[in-house]
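Notes follow the structure.
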Amino acid sequence: MNTPATANESNIVSINVGGRIFQTTKQTLTLAGTDSPLSKLATESSTRFLDRDPALFSVLLYILRTGNLPARSTSDVRDLIEESRHYGIEPFLIDSLSNPSQFEAFDLRKSRVLRLNGRDSPSTIAPTGGGGLHVAHGSKITSFDWSLRRKSTVLTNFSAVDSLLEISPGVLAAGATDFPGLQIIDLESGGSVQTALNWENVASSTVQAVGSSSEFLFASFESSRRNSNSVMVYDLSTLLPVLELDRGSDSSAIPSTKLRWIGSCNLLMVSGSHASPSGVSGHVRFWDVRSRNMVCEINEREDCFADVTVSENLSAVFKVGVSSGEVFYTDLRGLGGGKEGDRWVCLGEERKRSLNERKGVGCKIESYGDHVFCSKGDGIELWSEVITGLVGNARRDVLEERVFRKNSFVAGSGENKVTGLVFGGSRMFVTRKDQQAVEVWQSSSRGVSM
Amino acid sequence: MVSDRSERLKLNVGGEIFETTASTIQSTCPDSLLAALSAPTSHGSNPVFIDRDPEIFSVILNLLRTGRLPANSSGAFSKQELLDEALYYGVESLLRSAMLPPPLQGFDASLVSTVSPATDGVPSAFTANAGDASLWIAHGGQISVYDWSLSHAVTVRTHLTDVTSICRVWAEAAAIGSGSASGLHFYDLSSGRYVGSTHWTDPEDPRIHKSRVAAVADSPGGVFASFDCLHRENSVLQIDKSTLQVAAVIGQQSGSSAKTAVPEKLRWVGDNGLLVGSAVQRGVFGCSGYIRIWDPRSRTIVWETSEPGSGRSSRFGDALADVDVDGSTLFKVCSKSGDLGMADLRKLGEDPWVYVSDENPGAWSADEGDRSGGYSVVHCYRKQVLAARGGALEVWSSVEGKASGDVIRRRNFVDKEEDSKRGMISKIEAGGDRLFVSREYVEGVEVWESSNSSSMIEL
């Protein structure tokens with residue numbers, strides 16, 4: 001991270017930390033950032049003395065120098081966190097331990113289980129910015145920090161939280177399908193409700209889904225009489241309503257249950273489905289928020305999605321079919337044109353579908369990095385694209401001919417059905433039915449000393 | 001933390017040089033041995049030499065610097081080692097505040113340990129003291145004292161064969177009663193000495209003798225104890241703490257029915273100067289019992305209610321299971337539904353109860369309450385109401401509503417299903433941000449705490 005110091009003597013800095021002398025360069029110290037007491041040491045000319053623990057300082061200095069946590073470190077990560085906060089260099093520590101670049105999809109292993117107090121199973125989970133996790137279980141939300149070693153729990157007004165999203169560090173948007181309003185909860189103040197957002201037109205409407213972009217907060221509302229629904233767009237910083245999209249006001253309108261922002265296209269993906277005796281039907285719509293136009297709509301009648309997601313890295317939309325249980329994709333670039341019927345490309349062995357089958361019920365599909373993860377029953381499938389290299393990158397422009405291949409994690413090991421799947425930092429988090437715990441999957445080569 | 005040279009201070013602990021500042025030591029523990037050693041006059045140019053272990057000193061020094069204990073210190077050193085060393089340096093108050101658990105949140109607590117006396121381990125009574133976070137357990141005629149760190153301090157053998165009620169009346173003195181022997185007895189636990197006894201006798205009424213203590217409560221104006229005679233005649237006595245003489249007889253009654261049985265629970269409400277007594281009998285057809293509130297100064301009954309009774313307050317087949325007081329609010333839990341009833345002690349009338357129920361879908365169903373024989377024990381702690389149903393432990397916590405400032409109360413399980421299988425809960429008491437639970441015929445007292453550390457299983 002830094003260049004080897006030249007023989008310039010004045011560049012070398014000696015620091016006495018709690019009685020032990022450390023020597024480093026001014027460049028290394030200034031890496032800590034202008035607000036850190038360490039960068040002040042670099043400019044100071046008098047004796048440099050810090051009344052802190054030398055053993056912890058030595059680990060943090062190693063991280064500043066190399067960007068990695070030393071393998072020899074015997075310090076507890078909780079002490080390192082507190083100490084790094086004192087020096088204002090926690091981001092370096094986070095980076096050394098839970099950087100998204102350390103996410104290795106093919107090397108994920110179930111490495112630990114986070115236990116929850118009480119008897120409620122998680123209803124929904126949401127990642128934090130730095131690789132931590134918020135878990136809603138019953139009326140409570142337990143938040144694990146990025147190191148997963150420390151937690152705090154707050155009580156909410158909901159009897160169960162169904163939609164959860166971190167909108168800024170320590171601030172959550174939470175909603176439920178049986179409780180009106182989207183509540184903005186401040187974790188720092190012990191879970192007090194900052195404000196409750198409601199759909200302007202229909203009071204006491206419930207929340208079906210939340211999503212966000214760097215500018216906006218999106219919330220899908222359904223009126224309490226379940227005869228109308230809408231997606232509200234709020235300004236993320238002021239939380240004031242900006243506009244309303246995708247309004248459905250007759251009783252056949254299906255509320256949206258998933259909202260995903262596609263940054264590279266400036267589009268909001270909105271999806272919802274409905275099961276009736278005649279089968280499952282649904283929609284995936286793409287909205288341009290600025291012009292308030294719907295760019296594209298996919299109507300799902302045959303083998304409707306059980307879940308749908310979008311991958312910006314792969315520039316494709318993925319779904320898992322509710323009847324077939326197979327994974328399909330459609331290229332983001334081809335959204336505008338093409339016929340409805342052959343839009344989806346099946347990635348599995350597309351067997352003859354029967355409308356009576358329900359193989360895909362409850363399946364979840366999520367993308368992270370260059371990969372797509374799909375849960376089926378108790379197992380998880382990993383789909384990744386193979387660039388065949390035959391025509392080079394030009395091949396990417398030829399639609400319908402992309403090659404995706406599947407890997408499977410645990411299948412048929414008798415565990416409970418997967419109910420939730422989210423990603424953060426270098427980790428995959430999995431919740432299962434009736435388990436009062438969250439599984440943490442990560443690459444075994446990382447996080448040795450955590 | 002960049003300090004000028006004059007403040008800097010070198011210490012040689014067991015051959016290892018530590019450097020810190022005088023302000024670090026002076027500001028945290030000004031009266032300690034360390035502070036005395038670091039005074040400018042006490043040393044010349046050489047560092048002060050302290051003949052102690054340097055490794056454990058580095059933990060103590062970090063405690064002084066940050067106010068926290070290093071997370072791995074519990075692995076490297078035993079609790080007793082840390083305590084001894086903190087005592088040597090005179091910083092035990094700092095160690096204590098670093099080692100005590102964070103504020104107890106009933107909806108986020110887990111079982112951390114079980115305090116088990118060495119002999120006759122089944123507790124017959126216990127009391128937790130909020131002030132110094134200590135725990136006194138009565139077991140088989142003995143009283144064991146555990147200090148704030150839940151280390152065993154002392155065990156006192158009493159003359160009783162069993163102690164069924166215990167109450168702290170001074171910092172080191174306990175008032176104890178027995179279900180098998182008459183009288184209320186006072187023991188000084190620091191010296192292990194018997195102090196005296198108080199008996200309820202009446203020279204004019206030969207029936208009143210050999211009365212046994214059912215419940216004890218302490219107040220600044222005296223100790224209140226409910227006494228029960230063999231003929232079921234019963235009364236609450238106010239006992240002067242300095243003379244151990246009976247100062248007043250409050251509410252004598254015949255004990256011929258459930259409504260006049262001896263109070264099994266007494267609570268002193270300091271804010272209002274009132275004494276709350278209650279008794280509940282559990283039978284095949286549900287619970288029946290009463291709540292009675294006395295003003296000890298006038299020795300009169302201020303308010304009373306009995307269930308099942310007439311009027312609007314009676315909920316069919318869902319009488320009170322137990323009662324406790326928090327601030328000036330009276331809490332009761334309904335035996336069958338588990339609903340929470342609240343009454344303001346300042347506004348008691350014919351039907352003061354406000355009922356709250358919570359349909360937490362993941363947590364609870366009314367059928368379960370029916371099968372397990374209903375609720376039994378209730379305890380209030382810092383605006384949380386803990387209730388036991390069989391072996392299961394629940395908590396009512398309040399959460400502020402959104403805009404209007406109204407309070408929503410939510411019911412959650414504290415324990416997990418496997419916890420409830422250990423046995424029927426016989427007593428719940430919280431103190432010093434710890435929750436203590438004892439179970440019938442089960443050795444030891446369970447300790448539940450909230451924690452900022454996640455409980456994680458490494459695979």
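Every chain in the structure tokens has a letter given in the order shown (A, B, ...), and although residue numbers restart at 1 in each chain, ligands are simply numbered from 1 in the order shown.
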Discussion item. With only C-alpha atoms as the counted atoms, please give the residues lying no more than 10 Å from Val59 of chain B, apart from itself and same-chain residues fewer than 6 positions off, as a PyMOL selection string.
Written reply: (chain A and resi 53) or (chain B and resi 65+68-70+72-73+76-77+82+85-86)
Selected residues written out with N, CA, C and O atoms, as a short mmCIF file (atom, residue, chain, number, x, y, z; two decimals), in the first residue's frame:
data_model
loop_
_atom_site.label_atom_id
_atom_site.label_comp_id
_atom_site.auth_asym_id
_atom_site.auth_seq_id
_atom_site.Cartn_x
_atom_site.Cartn_y
_atom_site.Cartn_z
N ASP A 53 -2.43 0.70 24.45
CA ASP A 53 -1.86 -0.64 24.52
C ASP A 53 -0.92 -0.88 23.34
O ASP A 53 -1.33 -0.74 22.19
N ARG B 65 -7.04 2.79 30.89
CA ARG B 65 -7.00 3.64 29.69
C ARG B 65 -8.35 3.74 29.02
O ARG B 65 -8.76 4.80 28.56
N ARG B 68 -12.62 -0.35 29.68
CA ARG B 68 -13.14 -1.66 29.29
C ARG B 68 -12.12 -2.74 29.64
O ARG B 68 -10.93 -2.48 29.73
N LEU B 69 -12.61 -3.95 29.74
CA LEU B 69 -11.75 -5.09 29.93
C LEU B 69 -11.47 -5.68 28.55
O LEU B 69 -12.40 -5.83 27.77
N PRO B 70 -10.22 -6.02 28.23
CA PRO B 70 -9.98 -6.65 26.94
C PRO B 70 -10.85 -7.89 26.78
O PRO B 70 -11.06 -8.62 27.74
N ASN B 72 -10.37 -10.69 25.42
CA ASN B 72 -9.79 -12.02 25.63
C ASN B 72 -9.22 -12.19 27.04
O ASN B 72 -8.61 -13.21 27.33
N SER B 73 -9.41 -11.19 27.92
CA SER B 73 -8.83 -11.30 29.25
C SER B 73 -9.44 -12.44 30.05
O SER B 73 -8.78 -13.06 30.88
N ALA B 76 -7.49 -15.49 29.25
CA ALA B 76 -6.11 -15.53 29.71
C ALA B 76 -6.01 -15.59 31.23
O ALA B 76 -5.11 -16.24 31.77
N PHE B 77 -6.92 -14.90 31.91
CA PHE B 77 -6.85 -14.86 33.37
C PHE B 77 -8.20 -15.23 33.96
O PHE B 77 -9.23 -14.93 33.38
N LEU B 82 -8.08 -11.61 38.28
CA LEU B 82 -8.31 -10.21 37.95
C LEU B 82 -8.80 -9.44 39.17
O LEU B 82 -8.36 -8.33 39.43
N GLU B 85 -5.94 -8.88 41.63
CA GLU B 85 -4.99 -7.89 41.16
C GLU B 85 -5.61 -6.49 41.23
O GLU B 85 -4.93 -5.53 41.61
N ALA B 86 -6.89 -6.39 40.87
CA ALA B 86 -7.57 -5.09 40.95
C ALA B 86 -7.63 -4.61 42.39
O ALA B 86 -7.50 -3.42 42.68
#
Item to complete: Please provide as a PyMOL selection string all residues within 12 Å of Arg225 of chain A, with the sequence filter that same-chain residues fewer than 4 positions apart are discarded (counting only C-alpha atoms).
Response: chain A and resi 178+180+202-206+221+229+249-251
Practice prompt. Tell me which protein, DNA and RNA residues are within 8 Å of segment 163-171 of chain A, counting only C-alpha atoms, leaving out same-chain ones fewer than 3 positions away, and put them as a PyMOL selection string.
Written response: chain A and resi 124-129+136+174-176+184-188+207-212+217+236
Item to complete: Would you please work out which residue, of B:Ile291, B:Ile176, B:Leu64, B:Leu94, is nearest to chain A when using only C-alpha atoms?
Response: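 Of all the options, B:Leu64 lies closest to chain A.
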Sorted by chain and rising residue number, which residues of chain A lie within 9 Å of chain B, and what are their closest atom pairs and distances in Å to one decimal, counting only C-alpha atoms, as CSV?
residue,atom,partner,partner_atom,distance
A:Asn16,CA,B:Glu19,CA,8.4
A:Val17,CA,B:Glu19,CA,7.7
A:Gly18,CA,B:Glu19,CA,4.6
A:Gly19,CA,B:Glu19,CA,4.2
A:Arg20,CA,B:Phe18,CA,7.9
A:Pro37,CA,B:Met1,CA,8.2
A:Leu41,CA,B:Val2,CA,8.5
A:Ser46,CA,B:Asp4,CA,8.8
A:Thr47,CA,B:Arg5,CA,7.6
A:Arg48,CA,B:Val2,CA,7.2
A:Phe49,CA,B:Val2,CA,6.0
A:Leu50,CA,B:Val2,CA,5.7
A:Asp51,CA,B:Thr20,CA,5.1
A:Arg52,CA,B:Arg65,CA,6.9
A:Asp53,CA,B:Asn62,CA,6.4
A:Ser75,CA,B:Asn72,CA,7.3
A:Asp76,CA,B:Asn72,CA,5.8
A:Val77,CA,B:Ala71,CA,8.3
A:Arg78,CA,B:Ala71,CA,6.4
A:Asp79,CA,B:Pro70,CA,6.0
A:Lys110,CA,B:Leu459,CA,7.2
A:Ser111,CA,B:Leu459,CA,5.1
A:Arg112,CA,B:Glu458,CA,4.4
A:Val113,CA,B:Ile457,CA,5.0
A:Leu114,CA,B:Met456,CA,4.7
A:Arg115,CA,B:Ser455,CA,5.6
A:Leu116,CA,B:Ser455,CA,7.6
A:Asn117,CA,B:Asp108,CA,5.7
A:Gly118,CA,B:Val414,CA,5.0
A:Arg119,CA,B:Lys416,CA,5.4
A:Asp120,CA,B:Gly362,CA,5.8
A:Ser121,CA,B:Gly362,CA,7.7
A:His137,CA,B:Gly362,CA,8.8
A:Gly138,CA,B:Gly362,CA,6.3
A:Ser139,CA,B:Arg410,CA,7.7
A:Lys140,CA,B:Phe107,CA,7.9
A:Thr142,CA,B:Asp108,CA,8.7
A:Phe144,CA,B:Ser454,CA,7.3
A:Leu148,CA,B:Ser454,CA,6.9
A:Arg149,CA,B:Ser454,CA,5.2
A:Arg150,CA,B:Ser453,CA,4.2
A:Lys151,CA,B:Asn452,CA,5.1
A:Ser152,CA,B:Asn452,CA,5.9
A:Thr153,CA,B:Asp108,CA,6.5
A:Val154,CA,B:Asp108,CA,8.4
A:Leu155,CA,B:Val399,CA,6.4
A:Thr156,CA,B:Val399,CA,6.6
A:Asn157,CA,B:Gly401,CA,6.6
A:Ser159,CA,B:Asn360,CA,5.6
A:Ala160,CA,B:Asn360,CA,7.9
A:Gln183,CA,B:Lys402,CA,8.1
A:Gly191,CA,B:Val399,CA,8.8
A:Ser192,CA,B:Glu400,CA,7.1
A:Val193,CA,B:Lys402,CA,5.8
A:Gln194,CA,B:Lys402,CA,7.9
A:Thr195,CA,B:Lys402,CA,7.1
A:Ala196,CA,B:Lys402,CA,6.9
Worksheet item: In Å, how far is it from atom CA of Arg382 of chain B to atom CA of Arg96 of chain B?
Response: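 Atom CA of Arg96 of chain B lies 21.0 Å from atom CA of Arg382 of chain B.
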Discussion item. Neighbouring residues of segment 254-259 of chain A were defined as those with any atom within 8 Å, considering only C-alpha atoms; residues of the same chain fewer than 5 positions away were excluded. Please report them as a ChimeraX atom specification.
Written reply: /A:208-211,218-222,228-231,248,268-274,282
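Within the 12 Å cut-off around Lys417 of chain A, using only C-alpha atoms and omitting residues fewer than 4 positions from it on the same chain, the listed residues are Val361, Gly362, Cys363, Lys364, Ser375, Lys376, Gly377, Asp378, Gly379, Ile380, Val410, Ala411, Gly412, Ser413, Leu421, Val430, Thr431, Arg432, Lys433, Asp434 and Gln435 of chain A.
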Discussion item. Could you list, as number ranges by chain, every residue within 12 Å of Tyr329 of chain A, counting only C-alpha atoms and ignoring same-chain residues fewer than 6 positions away?
Written reply: A: 305, 307-311, 314-321, 335, 342-348, 365, 367, 372, 383-385, 399-404
Discussion item. Among segment 85-216 of chain A, which residues does DSSP mark as strand (DSSP E or B) when it is run on the backbone? Keep the chain and numbering as in the structure and answer as an MDAnalysis selection string.
Written reply: chainID A and resid 108:115 122:127 133:137 140:144 150:155 163:168 171:176 179:186 192:197 206:212 216
Response to the item:
Between atom CA of Glu300 of chain A and atom CA of Asn227 of chain A lies a distance of 20.7 Å
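Interatomic distance, atom CA of Ser197 of chain B to atom CA of Ile250 of chain B: 19.0 Å.
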Discussion item. DSSP on the backbone: which residues in segment 88-141 of chain B end up as helix (DSSP H, G or I)? Give the answer as an MDAnalysis selection string.
Written reply: chainID B and resid 88:89 92:99 106:108
Expected file: the selected residues, C-alpha atoms, as an mmCIF file, in the first residue's frame:
data_model
loop_
_atom_site.group_PDB
_atom_site.id
_atom_site.type_symbol
_atom_site.label_atom_id
_atom_site.label_comp_id
_atom_site.auth_asym_id
_atom_site.auth_seq_id
_atom_site.Cartn_x
_atom_site.Cartn_y
_atom_site.Cartn_z
ATOM 1 C CA TYR B 88 -4.069 -4.938 45.055
ATOM 2 C CA TYR B 89 -3.924 -1.855 42.846
ATOM 3 C CA GLU B 92 -11.823 -2.843 41.943
ATOM 4 C CA SER B 93 -14.644 -0.338 41.452
ATOM 5 C CA LEU B 94 -13.486 0.193 37.873
ATOM 6 C CA LEU B 95 -13.164 -3.544 37.308
ATOM 7 C CA ARG B 96 -16.625 -4.027 38.720
ATOM 8 C CA SER B 97 -18.273 -1.556 36.374
ATOM 9 C CA ALA B 98 -16.393 -3.135 33.449
ATOM 10 C CA MET B 99 -17.448 -6.644 34.403
ATOM 11 C CA GLY B 106 -35.714 -9.274 28.853
ATOM 12 C CA PHE B 107 -36.405 -9.738 25.135
ATOM 13 C CA ASP B 108 -32.701 -10.229 24.504
#
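The shortest atom-to-atom distance to Ala181 of chain B, with only C-alpha atoms taken into account, belongs to B:Gly141 out of B:Thr155, B:Gly141, B:Ser420, B:Pro206.
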